[in-house]
Structures are given as structure tokens and as C-alpha cells.
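A.B. asks: File work-v2.csv follows (CSV, C-alpha atoms):
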```csv
chain,number,residue,atom,x,y,z
A,188,MET,CA,0.0,0.0,0.0
A,189,ARG,CA,1.3,3.4,-0.9
A,190,GLN,CA,2.0,5.8,2.0
A,191,THR,CA,-0.1,8.9,2.0
A,192,LYS,CA,1.8,12.0,0.7
A,193,ILE,CA,1.3,15.1,2.7
A,194,SER,CA,2.0,18.6,1.3
A,195,ILE,CA,3.0,21.0,4.0
A,196,CYS,CA,2.2,24.5,2.6
A,197,VAL,CA,4.1,27.4,4.2
A,198,PRO,CA,3.5,31.0,3.2
A,199,THR,CA,6.3,33.3,4.4
A,200,CYS,CA,7.1,37.0,4.4
A,201,ASN,CA,10.3,38.6,5.8
A,202,ARG,CA,10.9,36.1,8.6
A,203,PRO,CA,13.7,33.7,7.4
A,204,GLU,CA,14.8,33.0,11.0
A,205,LEU,CA,11.3,31.8,11.9
A,206,LEU,CA,10.9,29.9,8.6
A,207,MET,CA,14.1,28.0,9.4
A,208,GLU,CA,12.7,26.8,12.7
A,209,SER,CA,9.4,25.9,11.0
A,210,LEU,CA,11.2,23.9,8.3
A,211,THR,CA,13.3,22.1,10.9
A,212,SER,CA,10.1,20.8,12.5
A,213,CYS,CA,8.6,19.8,9.2
A,214,LEU,CA,11.7,17.9,8.1
A,215,ALA,CA,11.7,16.0,11.5
A,216,GLN,CA,8.2,14.5,11.0
A,217,THR,CA,7.9,10.8,11.8
A,218,HIS,CA,5.7,10.5,8.6
A,219,ALA,CA,8.3,10.6,5.9
A,220,ASN,CA,6.3,11.0,2.7
A,221,ILE,CA,6.1,14.8,2.7
A,222,GLU,CA,6.7,17.8,0.4
A,223,ILE,CA,7.1,21.3,1.8
A,224,VAL,CA,5.7,23.9,-0.5
A,225,ILE,CA,6.9,27.4,0.3
A,226,GLY,CA,5.6,30.7,-1.2
A,227,ASP,CA,7.8,33.7,-0.4
A,228,ASP,CA,6.3,37.2,-0.4
A,229,SER,CA,9.4,38.8,1.2
A,230,SER,CA,10.5,42.3,0.2
A,231,ASP,CA,14.2,41.3,0.3
A,232,THR,CA,16.4,38.3,-0.6
A,233,ARG,CA,17.1,37.0,2.9
A,234,THR,CA,14.7,34.1,2.6
A,235,ARG,CA,15.9,33.2,-1.0
A,236,ASN,CA,19.5,33.3,0.3
A,237,LEU,CA,18.5,31.0,3.2
A,238,MET,CA,16.9,28.5,0.8
A,239,ASP,CA,19.8,28.6,-1.6
A,240,THR,CA,22.4,28.1,1.1
A,241,THR,CA,20.7,25.8,3.6
A,242,TYR,CA,18.1,23.8,1.7
A,243,LEU,CA,19.4,23.8,-1.8
A,244,HIS,CA,19.7,20.0,-1.9
A,245,GLU,CA,16.6,19.2,0.1
A,246,THR,CA,14.4,17.5,-2.5
A,247,ARG,CA,11.3,17.6,-0.2
A,248,ILE,CA,11.2,21.4,-0.4
A,249,SER,CA,9.7,23.3,-3.3
A,250,TYR,CA,10.4,27.1,-3.0
A,251,VAL,CA,9.0,30.0,-5.1
A,252,LYS,CA,9.8,33.7,-4.6
A,253,ASN,CA,6.6,35.5,-5.5
A,254,GLU,CA,7.4,38.5,-7.7
A,255,PRO,CA,5.4,40.6,-7.3
A,256,PRO,CA,4.2,39.5,-3.8
A,257,LEU,CA,0.8,37.9,-3.9
A,258,GLY,CA,-0.5,38.8,-0.4
A,259,GLN,CA,-1.4,36.2,2.2
A,260,ALA,CA,-4.7,34.8,0.7
A,261,ASP,CA,-3.4,34.5,-2.9
A,262,ASN,CA,-0.1,33.1,-1.6
A,263,ILE,CA,-1.9,30.4,0.2
A,264,ALA,CA,-4.1,29.7,-2.9
A,265,SER,CA,-1.0,29.4,-5.0
A,266,LEU,CA,0.6,27.0,-2.5
A,267,PHE,CA,-2.6,24.8,-2.7
A,268,ASP,CA,-2.3,24.8,-6.5
A,269,ARG,CA,1.3,23.7,-6.4
A,270,ALA,CA,0.7,21.0,-3.8
A,271,THR,CA,0.9,17.4,-5.1
A,272,GLY,CA,0.1,15.5,-2.0
A,273,ASP,CA,-2.9,13.5,-1.1
A,274,LYS,CA,-3.6,15.8,1.9
A,275,ILE,CA,-2.6,19.4,2.6
A,276,LEU,CA,-1.3,20.7,5.9
A,277,LEU,CA,-1.2,24.6,6.1
A,278,ILE,CA,1.2,26.2,8.6
A,279,HIS,CA,2.8,29.6,8.6
A,280,ASP,CA,6.4,30.6,8.9
A,281,ASP,CA,6.1,31.2,12.6
A,282,ASP,CA,4.6,27.7,13.3
A,283,ALA,CA,6.4,24.5,14.3
A,284,LEU,CA,5.0,21.0,14.3
A,285,LYS,CA,5.5,18.3,16.9
A,286,PRO,CA,7.4,15.4,15.4
A,287,ASP,CA,4.3,13.1,15.2
A,288,CYS,CA,1.9,15.8,14.1
A,289,ILE,CA,1.3,14.4,10.6
A,290,GLU,CA,1.1,10.8,11.9
A,291,ARG,CA,-1.6,11.9,14.4
A,292,LEU,CA,-3.6,13.8,11.8
A,293,LEU,CA,-3.4,10.8,9.4
A,294,SER,CA,-4.7,8.5,12.1
A,295,VAL,CA,-7.9,10.5,12.1
A,296,TRP,CA,-8.0,10.7,8.3
A,297,ASN,CA,-7.6,6.9,8.2
A,298,LEU,CA,-10.4,6.3,10.6
A,299,TYR,CA,-12.7,8.6,8.6
A,300,PRO,CA,-11.7,8.4,4.9
A,301,ASP,CA,-14.3,11.0,3.9
A,302,LEU,CA,-13.0,13.6,6.3
A,303,GLU,CA,-12.0,16.7,4.5
A,304,ILE,CA,-10.5,18.8,7.3
A,305,ALA,CA,-8.8,17.9,10.6
A,306,PHE,CA,-7.5,20.4,13.2
A,307,GLY,CA,-5.2,19.9,16.1
A,308,ASP,CA,-4.5,21.9,19.2
A,309,GLN,CA,-2.3,24.9,18.9
A,310,TYR,CA,0.2,26.0,21.5
A,311,GLN,CA,1.5,29.5,22.0
A,312,MET,CA,5.1,29.6,23.1
A,313,ASP,CA,7.4,32.3,24.3
A,314,ASP,CA,10.8,33.1,22.8
A,315,THR,CA,12.5,30.4,25.0
A,316,GLY,CA,10.2,27.6,23.7
A,317,HIS,CA,8.0,27.4,26.8
A,318,VAL,CA,4.3,26.9,26.3
A,319,ASP,CA,2.1,29.7,27.6
A,320,VAL,CA,-0.8,27.6,29.0
A,321,ASP,CA,-3.3,30.5,29.4
A,322,ALA,CA,-2.6,32.0,26.0
A,323,SER,CA,-2.8,28.5,24.4
A,324,ARG,CA,-6.2,27.8,26.0
A,325,LYS,CA,-7.5,31.2,24.8
A,326,LEU,CA,-6.2,30.6,21.3
A,327,ASN,CA,-7.8,27.2,21.0
A,328,THR,CA,-11.1,28.5,22.6
A,329,ASP,CA,-11.2,31.4,20.1
A,330,TYR,CA,-11.0,29.0,17.2
A,331,HIS,CA,-13.4,26.5,18.7
A,332,ARG,CA,-10.8,23.8,19.4
A,333,THR,CA,-12.1,22.6,22.7
A,334,GLU,CA,-13.1,19.3,24.4
A,335,ALA,CA,-16.8,20.4,23.8
A,336,VAL,CA,-16.4,20.1,20.0
A,337,THR,CA,-14.0,17.2,19.8
A,338,GLY,CA,-15.0,14.6,17.2
A,339,LEU,CA,-16.7,14.8,13.8
A,340,GLN,CA,-18.7,18.0,13.1
A,341,ASP,CA,-21.5,18.7,10.8
A,342,ASN,CA,-20.7,20.8,7.7
```
Now, as a test, write the supplied structure out as C-alpha cells.
C.D. replies:
Amino acid sequence: MRQTKISICVPTCNRPELLMESLTSCLAQTHANIEIVIGDDSSDTRTRNLMDTTYLHETRISYVKNEPPLGQADNIASLFDRATGDKILLIHDDDALKPDCIERLLSVWNLYPDLEIAFGDQYQMDDTGHVDVDASRKLNTDYHRTEAVTGLQDN
């Protein structure tokens, strides 16, 4: 059986240091069949330079510098158009994934093959990498990711 291919779509703009942290977490996934699709709306060449020097030989990364910049919504739409995976995972350049994130999302998709969208908890961290519990709880509540709505939802 073919392993499900996941396209991790990452819009970025002027934050190469954060993007590098995000890419490190993507490349460390326990689920190996991934592609990372990056759309760069940066106003300078720092991100392009990072990609050319650090990730030049990383075959799982597909990088495009948008000229002119597309704006967030159109950048995301272009990432979805470029994605070749069976499923899409959208994160942003300031996000990081736990190593088993994709594996855990796939376990839900495998249980419910008709499932179109799956969400996980999000955690807000400070600059030292410590989770801010109260801010994380508020973030997940604001986006309706709570125990009260766990499970399958109606359209």
C-alpha cells in the first residue's frame, strides 16, 4: 500500500529565521512522505538566500519567490495549487510541528476516509520555547478547538 503523501504548505514573508525553525520541525516528521511547498512574499532576498544556502539539496522542499508579492490569501491559494500530496497541511512561517503531528492527523483521516478537514490543538510559546498555557487555552477556545467540540462536526 502506498504511503499517503502530505503537502505542507508554508506562506512566508520577511521572517527567514522563523521559517528555518518551522522547516526544521517539518523535516523532522515521523511520517516521511512529505513535500514542503513554500511561497515567499518577502520584500528582500534573505529568505531566498537561506533557501539557496541551507536547503538547496533538500528534495522535499519546493520554494518559489513570488514576484510581485501575492498577499497572504493569494499566496496560500498558489501553495494549494502547487501541492501534489494526497492531503494538505497549512502552517505559517512562525509555526512549528510536533514530530508526530502528521502521523496523528493521518490516524484521524484513516479512521474517517471521507473527512475533509482535521484540526489539532495549537500552543503559543514564548521566545524560549516554553508553552504559555493560558494564551494557548485562549487561542484554542477562540478557534473552537475545545473538548466540547472534539470529534466529527456537521458541515
A.B. asks: From the list A:Ala322, A:Cys213, A:Pro256, A:Ile275, which residue is nearest Ala305 of chain A when using only C-alpha atoms?
C.D. replies: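 Between A:Ala322, A:Cys213, A:Pro256, A:Ile275, the residue approaching Ala305 of chain A most closely is A:Ile275.
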A.B. asks: As number ranges by chain, please: the residues near Arg247 of chain A (cut-off 8 Å, all atoms listed in the file, same-chain neighbours under 4 positions excluded).
C.D. replies: A: 221-223
A.B. asks: So which residues touch Ile278 of chain A within 9 Å, counting all atoms listed in the file, skipping near sequence neighbours fewer than 6 positions away, as a PyMOL selection string?
C.D. replies: chain A and resi 195-198+209+284
A.B. asks: My list of candidates is A:Ile225, A:Val318, A:Leu293, A:Leu257. Which is closest to Gln190 of chain A when distances are computed with only C-alpha atoms?
C.D. replies: A:Leu293
A.B. asks: List the residues sitting within 12 Å of (6.1, 21.4, 17.6) in the file's frame, using all atoms listed in the file, as a VMD selection string.
C.D. replies: chain A and resid 208 to 216 278 281 to 289 307 to 312 316 to 318
A.B. asks: Could I get segment 190-341 of chain A from the block written out with C-alpha atoms, as a short mmCIF file (atom, residue, chain, number, x, y, z; two decimals), in the first residue's frame?
C.D. replies:
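Ended up saving to part_21.cif:
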```cif
data_model
loop_
_atom_site.label_atom_id
_atom_site.label_comp_id
_atom_site.auth_asym_id
_atom_site.auth_seq_id
_atom_site.Cartn_x
_atom_site.Cartn_y
_atom_site.Cartn_z
CA GLN A 190 2.03 5.76 1.97
CA THR A 191 -0.11 8.93 1.96
CA LYS A 192 1.79 11.95 0.67
CA ILE A 193 1.34 15.14 2.68
CA SER A 194 1.95 18.61 1.26
CA ILE A 195 2.99 21.03 3.99
CA CYS A 196 2.17 24.49 2.62
CA VAL A 197 4.08 27.39 4.16
CA PRO A 198 3.48 31.03 3.19
CA THR A 199 6.31 33.29 4.36
CA CYS A 200 7.13 36.99 4.39
CA ASN A 201 10.28 38.61 5.76
CA ARG A 202 10.91 36.10 8.56
CA PRO A 203 13.67 33.72 7.41
CA GLU A 204 14.82 32.95 10.96
CA LEU A 205 11.33 31.79 11.94
CA LEU A 206 10.91 29.93 8.65
CA MET A 207 14.10 28.00 9.36
CA GLU A 208 12.68 26.82 12.72
CA SER A 209 9.43 25.89 11.02
CA LEU A 210 11.22 23.92 8.29
CA THR A 211 13.30 22.06 10.88
CA SER A 212 10.10 20.84 12.53
CA CYS A 213 8.60 19.84 9.16
CA LEU A 214 11.67 17.87 8.12
CA ALA A 215 11.68 16.04 11.48
CA GLN A 216 8.24 14.47 10.99
CA THR A 217 7.87 10.77 11.79
CA HIS A 218 5.74 10.48 8.65
CA ALA A 219 8.34 10.56 5.89
CA ASN A 220 6.30 11.02 2.70
CA ILE A 221 6.10 14.81 2.69
CA GLU A 222 6.72 17.76 0.44
CA ILE A 223 7.13 21.27 1.80
CA VAL A 224 5.74 23.92 -0.54
CA ILE A 225 6.92 27.45 0.25
CA GLY A 226 5.60 30.71 -1.20
CA ASP A 227 7.79 33.70 -0.37
CA ASP A 228 6.28 37.20 -0.40
CA SER A 229 9.37 38.79 1.20
CA SER A 230 10.47 42.27 0.19
CA ASP A 231 14.16 41.32 0.31
CA THR A 232 16.36 38.34 -0.60
CA ARG A 233 17.13 36.98 2.90
CA THR A 234 14.69 34.07 2.56
CA ARG A 235 15.86 33.23 -0.96
CA ASN A 236 19.47 33.28 0.29
CA LEU A 237 18.53 30.96 3.16
CA MET A 238 16.87 28.54 0.75
CA ASP A 239 19.84 28.65 -1.65
CA THR A 240 22.44 28.06 1.05
CA THR A 241 20.73 25.82 3.61
CA TYR A 242 18.10 23.85 1.71
CA LEU A 243 19.44 23.76 -1.85
CA HIS A 244 19.74 19.96 -1.93
CA GLU A 245 16.60 19.18 0.13
CA THR A 246 14.40 17.45 -2.46
CA ARG A 247 11.32 17.59 -0.24
CA ILE A 248 11.22 21.40 -0.43
CA SER A 249 9.68 23.34 -3.31
CA TYR A 250 10.41 27.07 -2.98
CA VAL A 251 9.01 29.96 -5.06
CA LYS A 252 9.75 33.66 -4.61
CA ASN A 253 6.55 35.48 -5.55
CA GLU A 254 7.37 38.47 -7.73
CA PRO A 255 5.42 40.60 -7.28
CA PRO A 256 4.23 39.52 -3.81
CA LEU A 257 0.79 37.90 -3.87
CA GLY A 258 -0.52 38.81 -0.43
CA GLN A 259 -1.43 36.19 2.16
CA ALA A 260 -4.67 34.83 0.67
CA ASP A 261 -3.37 34.52 -2.90
CA ASN A 262 -0.06 33.13 -1.65
CA ILE A 263 -1.94 30.37 0.18
CA ALA A 264 -4.10 29.69 -2.89
CA SER A 265 -0.96 29.38 -5.03
CA LEU A 266 0.56 26.95 -2.50
CA PHE A 267 -2.56 24.78 -2.67
CA ASP A 268 -2.35 24.84 -6.48
CA ARG A 269 1.30 23.71 -6.36
CA ALA A 270 0.72 20.97 -3.77
CA THR A 271 0.93 17.42 -5.13
CA GLY A 272 0.12 15.49 -1.95
CA ASP A 273 -2.94 13.47 -1.05
CA LYS A 274 -3.58 15.80 1.90
CA ILE A 275 -2.58 19.39 2.64
CA LEU A 276 -1.28 20.75 5.94
CA LEU A 277 -1.22 24.56 6.13
CA ILE A 278 1.16 26.17 8.59
CA HIS A 279 2.79 29.59 8.64
CA ASP A 280 6.42 30.61 8.89
CA ASP A 281 6.11 31.16 12.65
CA ASP A 282 4.62 27.71 13.33
CA ALA A 283 6.37 24.52 14.33
CA LEU A 284 5.04 20.96 14.30
CA LYS A 285 5.49 18.30 16.93
CA PRO A 286 7.43 15.38 15.38
CA ASP A 287 4.34 13.14 15.24
CA CYS A 288 1.89 15.83 14.06
CA ILE A 289 1.28 14.41 10.59
CA GLU A 290 1.12 10.85 11.88
CA ARG A 291 -1.55 11.86 14.39
CA LEU A 292 -3.60 13.77 11.80
CA LEU A 293 -3.36 10.81 9.41
CA SER A 294 -4.68 8.47 12.09
CA VAL A 295 -7.88 10.54 12.12
CA TRP A 296 -8.05 10.70 8.33
CA ASN A 297 -7.58 6.91 8.16
CA LEU A 298 -10.42 6.35 10.64
CA TYR A 299 -12.72 8.63 8.63
CA PRO A 300 -11.74 8.40 4.93
CA ASP A 301 -14.33 10.99 3.86
CA LEU A 302 -13.00 13.56 6.34
CA GLU A 303 -12.00 16.71 4.51
CA ILE A 304 -10.51 18.84 7.28
CA ALA A 305 -8.78 17.95 10.55
CA PHE A 306 -7.52 20.35 13.21
CA GLY A 307 -5.21 19.88 16.14
CA ASP A 308 -4.53 21.92 19.23
CA GLN A 309 -2.25 24.89 18.89
CA TYR A 310 0.18 26.03 21.54
CA GLN A 311 1.51 29.53 21.99
CA MET A 312 5.14 29.61 23.05
CA ASP A 313 7.44 32.31 24.32
CA ASP A 314 10.85 33.10 22.83
CA THR A 315 12.49 30.42 24.98
CA GLY A 316 10.19 27.64 23.74
CA HIS A 317 8.01 27.36 26.83
CA VAL A 318 4.27 26.91 26.30
CA ASP A 319 2.08 29.72 27.61
CA VAL A 320 -0.81 27.62 28.95
CA ASP A 321 -3.30 30.48 29.37
CA ALA A 322 -2.58 32.01 25.96
CA SER A 323 -2.81 28.54 24.36
CA ARG A 324 -6.15 27.84 26.03
CA LYS A 325 -7.49 31.20 24.79
CA LEU A 326 -6.17 30.59 21.27
CA ASN A 327 -7.85 27.18 21.03
CA THR A 328 -11.09 28.48 22.57
CA ASP A 329 -11.18 31.42 20.14
CA TYR A 330 -10.96 28.98 17.22
CA HIS A 331 -13.43 26.49 18.74
CA ARG A 332 -10.80 23.79 19.37
CA THR A 333 -12.08 22.61 22.73
CA GLU A 334 -13.13 19.33 24.38
CA ALA A 335 -16.77 20.35 23.83
CA VAL A 336 -16.38 20.10 20.05
CA THR A 337 -13.97 17.17 19.81
CA GLY A 338 -14.96 14.65 17.16
CA LEU A 339 -16.74 14.83 13.85
CA GLN A 340 -18.68 18.02 13.13
CA ASP A 341 -21.52 18.73 10.76
#
```
